[in-house]
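I have placed the structure first, in the form of structure tokens, so that the comments after it can refer back to it.
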Amino acid sequence: MRLLLLAPPGAGKGTQGELLAARFGVRHIAAGDLLRAEAQTGGPLGRQIADCQARGDLVPDQIVFDVLVPAVVEAAARGGYILDGFPRTLAQATAAAELGARLDLTLDAVVYLYAPQDVLTRRLLGRAAEAGRSDDTADVIRHRLSVFEETTGPLVGYYQERGILVTVNADQLPQSVTAEIEERLSGLIQTRPGP
Ligand code: ADP
């Protein structure tokens, strides 16, 4: 199973990514987590990543590729992945598609999770009170949501045109979101023309 989760901050990509990875027995690759781990190693690259993340800006595409591609290639060799938070720009999507074609890795589906802006903001502020991520402050949350809308939003149309997008309402209990994703995925895979 090779699946991509496309969702604004606060929609629950991380939660669904973990649940789906367990369900399909594949690795959950969270772009934000891998970048945060790289940032923790210190060094100039780490500092650049940490600065982008703290501001709520996207990390430059080349750095994202250097950090993500080895994990994706390794997971692909072990049966697949649930990729959460990558690609996040059209340039990343095009580069990922080229890499996929070269390695003969087609995506099974892209799951787009959506929820109203006020629900997303409320969830992120709630998490800020518990966990304390450097980018979970009101101003940075507003910026991350607008970066999603402007830069990542166009990927919805990009994958829709390719006939692999399923759209799921994320404003429900986590287990209901998972159930809806599974239902929509089996619908997509059943209706797909055979080889
Ligand atoms: P959220 O979706 O709530 O913003 P993530 O952990 O997915 O949380 O991402 C946190 C931050 O990590 C982003 O604001 C951005 O700085 C960086 N990041 C994650 N994925 C990417 C990506 N594919 N391209 C560029 N930057 C990324």
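Residues in the structure tokens are numbered from 1 in each chain, the chains being A, B, ... in the order shown, and ligands are numbered from 1 in the order shown.
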
*Protein and nucleic residues near ligand 1, 7 Å, only C-alpha atoms and all ligand atoms, as a ChimeraX atom specification*: /A:8-10,30-33,35,52-53,56-61,64,84-89,144

_Members of stretch 12-164 of chain A assigned strand (DSSP E) by DSSP, as an MDAnalysis selection string_ = chainID A and resid 27:30 81:84 109:114

_Contacts of A:Arg184 at 12 Å (only C-alpha atoms; same-chain gap of 2+ positions) as an NGL selection string_ = :A and (109-112 or 164-169 or 177-182 or 186-191)

_Residue list (helix (DSSP H, G or I), DSSP) for chain A, as a VMD selection string_ = chain A and resid 13 to 24 31 to 40 43 to 55 61 to 77 90 to 103 117 to 130 138 to 152 154 to 161 174 to 191

Selection from above, C-alpha atoms, as a short mmCIF file (atom, residue, chain, number, x, y, z; two decimals), in the first residue's frame, can you write it?
```
data_model
loop_
_atom_site.label_atom_id
_atom_site.label_comp_id
_atom_site.auth_asym_id
_atom_site.auth_seq_id
_atom_site.Cartn_x
_atom_site.Cartn_y
_atom_site.Cartn_z
CA LYS A 13 -2.80 13.62 9.35
CA GLY A 14 -0.50 12.34 12.09
CA THR A 15 -3.24 10.43 13.91
CA GLN A 16 -4.69 8.95 10.73
CA GLY A 17 -1.23 8.21 9.36
CA GLU A 18 -0.42 6.07 12.39
CA LEU A 19 -3.76 4.27 12.35
CA LEU A 20 -3.57 3.54 8.62
CA ALA A 21 0.05 2.39 8.80
CA ALA A 22 -0.90 -0.12 11.52
CA ARG A 23 -3.95 -1.21 9.55
CA PHE A 24 -1.98 -1.86 6.33
CA ALA A 31 7.55 14.71 6.89
CA GLY A 32 7.26 17.20 9.75
CA ASP A 33 8.58 14.66 12.29
CA LEU A 34 11.55 13.65 10.13
CA LEU A 35 12.41 17.32 9.57
CA ARG A 36 12.05 18.08 13.31
CA ALA A 37 14.38 15.15 14.07
CA GLU A 38 16.91 16.46 11.53
CA ALA A 39 16.61 19.94 13.08
CA GLN A 40 17.50 18.50 16.50
CA GLY A 43 24.42 21.97 12.53
CA PRO A 44 23.67 24.61 9.88
CA LEU A 45 21.08 22.49 8.03
CA GLY A 46 19.31 21.70 11.30
CA ARG A 47 19.16 25.37 12.19
CA GLN A 48 17.71 26.30 8.82
CA ILE A 49 15.01 23.65 9.21
CA ALA A 50 14.20 24.71 12.78
CA ASP A 51 13.90 28.37 11.72
CA CYS A 52 11.49 27.54 8.88
CA GLN A 53 9.40 25.31 11.13
CA ALA A 54 9.23 27.87 13.94
CA ARG A 55 8.00 30.52 11.47
CA ASP A 61 12.31 21.63 -1.40
CA GLN A 62 15.87 20.36 -1.80
CA ILE A 63 16.33 19.87 1.96
CA VAL A 64 12.95 18.14 2.19
CA PHE A 65 13.99 15.79 -0.61
CA ASP A 66 17.34 14.98 0.96
CA VAL A 67 15.65 14.11 4.26
CA LEU A 68 12.57 12.29 2.89
CA VAL A 69 13.68 10.33 -0.17
CA PRO A 70 15.89 7.76 1.63
CA ALA A 71 13.03 6.97 4.05
CA VAL A 72 10.53 6.63 1.20
CA VAL A 73 12.80 4.38 -0.88
CA GLU A 74 13.51 2.15 2.12
CA ALA A 75 9.82 1.89 3.09
CA ALA A 76 8.87 1.14 -0.52
CA ALA A 77 11.25 -1.82 -0.52
CA LEU A 90 3.63 21.37 -6.78
CA ALA A 91 7.40 21.23 -7.34
CA GLN A 92 7.70 18.50 -4.70
CA ALA A 93 4.77 16.62 -6.28
CA THR A 94 6.36 16.74 -9.73
CA ALA A 95 9.74 15.64 -8.41
CA ALA A 96 8.11 12.85 -6.37
CA ALA A 97 6.20 11.68 -9.46
CA GLU A 98 9.44 11.58 -11.49
CA LEU A 99 11.18 9.60 -8.77
CA GLY A 100 8.15 7.27 -8.53
CA ALA A 101 8.22 6.67 -12.28
CA ARG A 102 11.95 5.94 -12.18
CA LEU A 103 11.55 3.45 -9.32
CA GLN A 117 -10.76 26.71 9.46
CA ASP A 118 -12.18 27.41 12.95
CA VAL A 119 -12.09 23.69 13.82
CA LEU A 120 -8.45 23.43 12.69
CA THR A 121 -7.45 26.53 14.68
CA ARG A 122 -9.24 25.29 17.79
CA ARG A 123 -7.52 21.89 17.62
CA LEU A 124 -4.06 23.40 17.10
CA LEU A 125 -4.48 25.85 19.97
CA GLY A 126 -5.69 22.96 22.15
CA ARG A 127 -2.61 20.95 21.26
CA ALA A 128 -0.40 23.97 21.96
CA ALA A 129 -1.68 24.03 25.51
CA GLU A 130 -0.62 20.37 25.97
CA ALA A 138 -1.88 31.78 17.29
CA ASP A 139 0.14 33.85 14.77
CA VAL A 140 2.14 30.94 13.41
CA ILE A 141 -0.98 28.75 13.18
CA ARG A 142 -2.68 31.45 11.07
CA HIS A 143 0.39 31.58 8.82
CA ARG A 144 0.59 27.76 8.46
CA LEU A 145 -3.07 27.62 7.46
CA SER A 146 -2.54 30.29 4.80
CA VAL A 147 0.61 28.54 3.50
CA PHE A 148 -1.47 25.37 3.17
CA GLU A 149 -4.22 27.16 1.28
CA GLU A 150 -1.88 28.95 -1.12
CA THR A 151 0.92 26.46 -1.68
CA THR A 152 -0.38 22.99 -0.83
CA PRO A 154 -3.25 23.24 -5.58
CA LEU A 155 -2.17 19.62 -5.00
CA VAL A 156 -5.83 18.70 -4.43
CA GLY A 157 -6.59 19.49 -8.09
CA TYR A 158 -3.31 17.94 -9.24
CA TYR A 159 -4.18 14.52 -7.74
CA GLN A 160 -7.88 14.81 -8.61
CA GLU A 161 -6.93 15.11 -12.28
CA PRO A 174 -10.80 9.92 14.72
CA GLN A 175 -12.21 6.38 14.38
CA SER A 176 -15.03 7.68 12.14
CA VAL A 177 -12.47 9.43 9.94
CA THR A 178 -10.46 6.17 9.67
CA ALA A 179 -13.61 4.19 8.83
CA GLU A 180 -14.54 6.68 6.12
CA ILE A 181 -11.03 6.61 4.65
CA GLU A 182 -11.09 2.80 4.47
CA GLU A 183 -14.53 2.81 2.87
CA ARG A 184 -13.53 5.39 0.27
CA LEU A 185 -10.26 3.58 -0.48
CA SER A 186 -11.97 0.27 -1.17
CA GLY A 187 -14.41 2.13 -3.44
CA LEU A 188 -11.55 3.74 -5.36
CA ILE A 189 -9.56 0.53 -5.72
CA GLN A 190 -12.64 -1.49 -6.83
CA THR A 191 -13.65 1.03 -9.50
#
```

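For the choices A:Ala115, A:Ala131, A:Leu107, A:Leu83, the atom-to-atom distance to A:Leu6 is smallest for A:Leu83 when using only C-alpha atoms.
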